[in-house]
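*Asks:* Input file: input.csv. Contents: CSV, C-alpha atoms.
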chain,number,residue,atom,x,y,z
A,9,MET,CA,4.4,-3.5,-15.7
A,10,ALA,CA,2.7,-6.9,-16.2
A,11,THR,CA,0.8,-5.4,-19.2
A,12,LYS,CA,4.1,-4.5,-20.9
A,13,LYS,CA,5.4,-8.0,-20.4
A,14,LEU,CA,2.2,-9.4,-21.9
A,15,ARG,CA,2.6,-7.1,-24.9
A,16,LYS,CA,6.2,-8.1,-25.4
A,17,LYS,CA,5.2,-11.8,-25.3
A,18,GLN,CA,2.3,-11.2,-27.7
A,19,LYS,CA,4.6,-9.3,-30.1
A,20,LEU,CA,7.0,-12.3,-30.1
A,21,ARG,CA,4.1,-14.7,-30.6
A,22,ASN,CA,2.9,-12.6,-33.5
A,23,ASN,CA,6.4,-12.6,-35.1
A,24,GLU,CA,6.5,-16.4,-34.7
A,25,TYR,CA,3.0,-16.8,-36.0
A,26,TYR,CA,3.9,-14.9,-39.2
A,27,ASN,CA,7.3,-16.6,-39.5
A,28,THR,CA,9.2,-13.3,-39.4
A,29,GLN,CA,11.3,-13.7,-36.2
A,30,LYS,CA,14.0,-15.7,-38.0
A,31,THR,CA,14.3,-13.0,-40.6
A,32,TYR,CA,14.6,-10.3,-38.0
A,33,ASP,CA,17.2,-12.3,-36.1
A,34,ILE,CA,19.2,-12.7,-39.3
A,35,LEU,CA,19.0,-8.9,-39.9
A,36,TYR,CA,20.2,-8.2,-36.4
A,37,GLU,CA,23.1,-10.6,-36.6
A,38,LYS,CA,24.2,-9.3,-40.0
A,39,SER,CA,24.1,-5.8,-38.6
A,40,LYS,CA,26.3,-6.8,-35.7
A,41,GLU,CA,28.8,-8.1,-38.3
A,42,ASN,CA,28.6,-4.8,-40.2
A,43,SER,CA,27.3,-6.5,-43.3
A,44,SER,CA,25.7,-4.6,-46.1
A,45,PHE,CA,22.0,-5.0,-46.7
A,46,LYS,CA,20.4,-5.8,-50.1
A,47,LYS,CA,16.8,-6.6,-50.9
A,48,LEU,CA,15.3,-5.1,-47.8
A,49,TYR,CA,12.4,-3.9,-50.0
A,50,GLU,CA,11.5,-7.5,-50.6
A,51,ILE,CA,11.3,-8.2,-46.9
A,52,ILE,CA,9.3,-5.0,-46.2
A,53,THR,CA,6.7,-5.9,-48.9
A,54,SER,CA,6.5,-9.6,-48.0
A,55,GLU,CA,3.1,-10.8,-47.2
A,56,GLU,CA,4.2,-12.0,-43.7
A,57,ASN,CA,5.7,-8.6,-42.8
A,58,ILE,CA,2.6,-6.7,-44.0
A,59,LEU,CA,0.2,-8.9,-42.1
A,60,LEU,CA,2.3,-8.7,-39.0
A,61,ALA,CA,2.3,-4.9,-39.3
A,62,TYR,CA,-1.5,-4.9,-39.5
A,63,ARG,CA,-1.7,-7.1,-36.5
A,64,ASN,CA,0.7,-5.0,-34.4
A,65,ILE,CA,-1.1,-1.8,-35.2
A,66,LYS,CA,-4.5,-3.4,-34.5
A,67,ARG,CA,-3.3,-4.3,-31.0
A,68,ASN,CA,-2.2,-0.7,-30.4
A,69,LYS,CA,-4.6,1.5,-28.4
A,70,GLY,CA,-4.3,4.3,-31.0
A,71,SER,CA,-5.5,2.0,-33.8
A,72,LYS,CA,-9.0,3.6,-33.6
A,73,THR,CA,-7.6,7.2,-33.9
A,74,LYS,CA,-8.6,8.7,-37.2
A,75,GLY,CA,-6.2,10.5,-39.5
A,76,THR,CA,-7.1,13.2,-42.0
A,77,ASN,CA,-9.0,10.6,-44.2
A,78,LYS,CA,-11.1,9.4,-41.2
A,79,THR,CA,-10.2,5.7,-41.5
A,80,THR,CA,-9.3,3.4,-38.6
A,81,ILE,CA,-7.7,0.0,-38.4
A,82,ILE,CA,-11.2,-1.5,-38.5
A,83,ASP,CA,-11.8,0.1,-41.9
A,84,ILE,CA,-8.6,-1.5,-43.2
A,85,GLY,CA,-9.5,-4.8,-41.5
A,86,ASP,CA,-12.7,-5.0,-43.4
A,87,LYS,CA,-10.7,-5.9,-46.5
A,88,GLU,CA,-9.5,-9.5,-47.1
A,89,PRO,CA,-5.8,-10.0,-46.1
A,90,ASN,CA,-4.7,-10.3,-49.7
A,91,LYS,CA,-6.3,-6.9,-50.5
A,92,VAL,CA,-4.4,-5.3,-47.6
A,93,VAL,CA,-1.1,-6.8,-48.8
A,94,SER,CA,-1.9,-5.7,-52.4
A,95,TYR,CA,-2.8,-2.2,-51.2
A,96,VAL,CA,0.5,-1.8,-49.2
A,97,ARG,CA,2.6,-3.0,-52.1
A,98,ASN,CA,0.9,-0.7,-54.5
A,99,ARG,CA,1.3,2.3,-52.2
A,100,LEU,CA,5.0,1.5,-51.6
A,101,ALA,CA,5.7,1.3,-55.3
A,102,ASN,CA,5.4,5.1,-55.5
A,103,PHE,CA,4.9,6.2,-52.0
A,104,LYS,CA,3.7,9.7,-51.1
A,105,PRO,CA,2.4,10.2,-47.6
A,106,MET,CA,-1.0,11.5,-46.9
A,107,SER,CA,-1.6,14.7,-44.9
A,108,VAL,CA,-1.1,14.5,-41.1
A,109,ARG,CA,-3.8,15.6,-38.6
A,110,ARG,CA,-2.3,18.0,-36.1
A,111,VAL,CA,-3.6,17.8,-32.5
A,112,GLU,CA,-2.5,19.8,-29.4
A,113,ILE,CA,-1.8,17.6,-26.4
A,114,PRO,CA,-2.0,19.3,-22.9
A,115,LYS,CA,1.1,19.1,-20.8
A,116,ASP,CA,1.4,19.1,-17.0
A,117,ASN,CA,2.6,22.7,-17.0
A,118,GLY,CA,-0.5,24.0,-18.7
A,119,LYS,CA,1.1,24.3,-22.1
A,120,THR,CA,0.4,22.1,-25.0
A,121,ARG,CA,2.6,20.1,-27.4
A,122,PRO,CA,1.8,19.4,-31.0
A,123,LEU,CA,1.2,15.8,-32.1
A,124,GLY,CA,0.9,14.6,-35.7
A,125,ILE,CA,-1.5,11.8,-36.4
A,126,PRO,CA,-0.8,10.1,-39.7
A,127,THR,CA,-3.6,8.2,-41.6
A,128,MET,CA,-4.0,4.6,-40.7
A,129,GLU,CA,-2.8,3.6,-44.2
A,130,ASP,CA,0.4,5.5,-43.7
A,131,ARG,CA,0.9,4.0,-40.2
A,132,LEU,CA,0.6,0.6,-41.7
A,133,ILE,CA,3.3,1.4,-44.2
A,134,GLN,CA,5.5,3.0,-41.5
A,135,GLN,CA,5.1,-0.2,-39.4
A,136,CYS,CA,6.1,-2.4,-42.3
A,137,ILE,CA,9.4,-0.4,-42.7
A,138,LYS,CA,10.0,-0.2,-38.9
A,139,GLN,CA,9.8,-3.9,-38.4
A,140,VAL,CA,12.6,-4.5,-40.9
A,141,LEU,CA,14.8,-1.5,-40.0
A,142,GLU,CA,14.5,-1.9,-36.2
A,143,PRO,CA,16.6,-5.1,-35.8
A,144,ILE,CA,19.3,-3.5,-38.0
A,145,PHE,CA,19.5,-0.4,-36.0
A,146,GLU,CA,19.1,-2.1,-32.6
A,147,ALA,CA,22.3,-4.1,-33.3
A,148,LYS,CA,24.1,-0.7,-33.7
A,149,PHE,CA,22.7,1.3,-30.8
A,150,TYR,CA,24.5,1.8,-27.5
A,151,LYS,CA,23.2,-0.7,-25.0
A,152,HIS,CA,22.6,1.9,-22.4
A,153,SER,CA,20.4,4.1,-24.5
A,154,TYR,CA,16.9,3.9,-23.3
A,155,GLY,CA,14.7,6.4,-25.2
A,156,PHE,CA,12.2,5.1,-27.7
A,157,ARG,CA,13.7,1.6,-27.8
A,158,PRO,CA,11.9,-1.8,-27.7
A,159,ASN,CA,11.9,-3.5,-24.3
A,160,ARG,CA,13.4,-0.5,-22.6
A,161,SER,CA,11.8,2.2,-20.5
A,162,THR,CA,12.5,5.1,-18.1
A,163,HIS,CA,12.5,2.4,-15.4
A,164,HIS,CA,15.6,0.8,-17.0
A,165,ALA,CA,17.3,4.2,-17.3
A,166,VAL,CA,16.7,4.9,-13.6
A,167,ALA,CA,17.9,1.5,-12.6
A,168,ARG,CA,21.1,2.0,-14.6
A,169,MET,CA,21.6,5.4,-13.0
A,170,LEU,CA,21.2,4.0,-9.5
A,171,ALA,CA,23.6,1.1,-10.3
A,172,LEU,CA,26.3,3.5,-11.5
A,173,THR,CA,25.7,5.8,-8.6
A,174,ASN,CA,26.1,3.0,-6.1
A,175,ARG,CA,29.0,1.4,-7.9
A,176,HIS,CA,31.1,4.5,-8.5
A,177,ASN,CA,29.8,6.9,-5.9
A,178,PHE,CA,28.6,9.4,-8.6
A,179,GLN,CA,27.2,12.6,-7.1
A,180,TYR,CA,25.5,14.4,-10.0
A,181,VAL,CA,22.9,13.7,-12.7
A,182,VAL,CA,22.5,15.9,-15.7
A,183,ASP,CA,19.1,16.0,-17.2
A,184,ILE,CA,18.7,17.8,-20.6
A,185,ASP,CA,15.4,18.6,-22.3
A,186,ILE,CA,15.7,20.3,-25.6
A,187,LYS,CA,12.6,22.5,-25.9
A,188,GLY,CA,10.6,21.7,-29.0
A,189,PHE,CA,13.4,19.6,-30.5
A,190,PHE,CA,11.3,17.6,-32.9
A,191,ASP,CA,9.5,20.7,-34.1
A,192,ASN,CA,12.7,22.6,-34.7
A,193,VAL,CA,15.1,19.9,-36.0
A,194,ASN,CA,15.8,19.8,-39.7
A,195,HIS,CA,13.7,16.8,-40.8
A,196,GLY,CA,15.5,16.6,-44.1
A,197,LYS,CA,18.8,15.9,-42.4
A,198,LEU,CA,17.2,13.8,-39.7
Please express the file's structure as structure tokens.

*Replies:*
Amino acid sequence: MATKKLRKKQKLRNNEYYNTQKTYDILYEKSKENSSFKKLYEIITSEENILLAYRNIKRNKGSKTKGTNKTTIIDIGDKEPNKVVSYVRNRLANFKPMSVRRVEIPKDNGKTRPLGIPTMEDRLIQQCIKQVLEPIFEAKFYKHSYGFRPNRSTHHAVARMLALTNRHNFQYVVDIDIKGFFDNVNHGKL
């Protein structure tokens, strides 16, 4: 748990280092007010946002996992920062994702689940977009939704469940797992 807190503090420090936190806070507040957003592309392709995306990916333990083109974050980091920024801007001008490497991950029940590993260059672009869209969507999400959200975990969900159980004397918990959801959902609609 201490490691997660350190990562959270490090991410905030990175945001402040690249002077992006104020921008993300403004996006969050505008989203709370149901404002329309214009010029998000400018924020996504800003030098600060791109360099922050690189730094956030570099700190991730999967940053050395190779995609189909065999590059890692180290290969991208060999370039000067202005070349990384230029590369991302050029790719985003007419973006077409590269192929994804498919890996089967073993599950506890002996089966496997498929995992798609994008190229590091595509992960960098995805991170640039995520950093800008995340505060906008976070402002809209239900506060007691815990799946795949920043600063939330299964521990928070269990704590909420226990609090409700104790407060209202609830007797049942419904747990739903949709088998192969992400493999079967219509990704065009998603």

*Asks:* Using all atoms listed in the file, which residue out of A:Asn68, A:Asn22, A:Ser44, A:Asn27 lies closest to Leu132 of chain A?

*Replies:* A:Asn68

*Asks:* Tell me which of A:Glu112, A:Thr73, A:Ser107, A:Leu59 sits closest to Val92 of chain A, counting all atoms listed in the file.

*Replies:* A:Leu59

*Asks:* Mind giving me the straight-line distance from atom CA of Thr76 of chain A to atom CA of Arg109 of chain A in Å, one decimal?

*Replies:*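 Atom CA of Thr76 of chain A sits 5.3 Å away from atom CA of Arg109 of chain A.
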
*Asks:* To one decimal place, how far is atom CA of Thr79 of chain A from atom CA of Met128 of chain A in Å?

*Replies:*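 Atom-to-atom, atom CA of Thr79 of chain A and atom CA of Met128 of chain A are spaced 6.3 Å apart.
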
*Asks:* Near Arg157 of chain A, counting all atoms listed in the file, which residues have an atom at most 12 Å away, once you skip same-chain residues fewer than 3 positions from it, shown as a PyMOL selection string?

*Replies:* chain A and resi 138+142-143+145-147+149-154+160-162+164-165

*Asks:* To one decimal place, how far is atom CA of Pro89 of chain A from atom CA of Glu55 of chain A in Å?

*Replies:* 9.0 Å

*Asks:* List as a ChimeraX atom specification the protein and nucleic acid residues near Gly85 of chain A, meaning an atom at most 9 Å away when only C-alpha atoms are counted, but skip any in the same chain fewer than 5 places from it.

*Replies:* /A:62,66,80,92

*Asks:* With a distance cut-off of 7 Å and all atoms listed in the file, select the neighbouring residues of Ala61 of chain A, excluding the residue or stretch itself and same-chain residues fewer than 3 positions from it, and output the selection as a ChimeraX atom specification.

*Replies:* /A:57-58,64-65,132,135-136

*Asks:* Which one is closest to Met106 of chain A: A:Thr120, A:Asn77, A:Gln134, A:Asn42? Count only C-alpha atoms.

*Replies:* A:Asn77
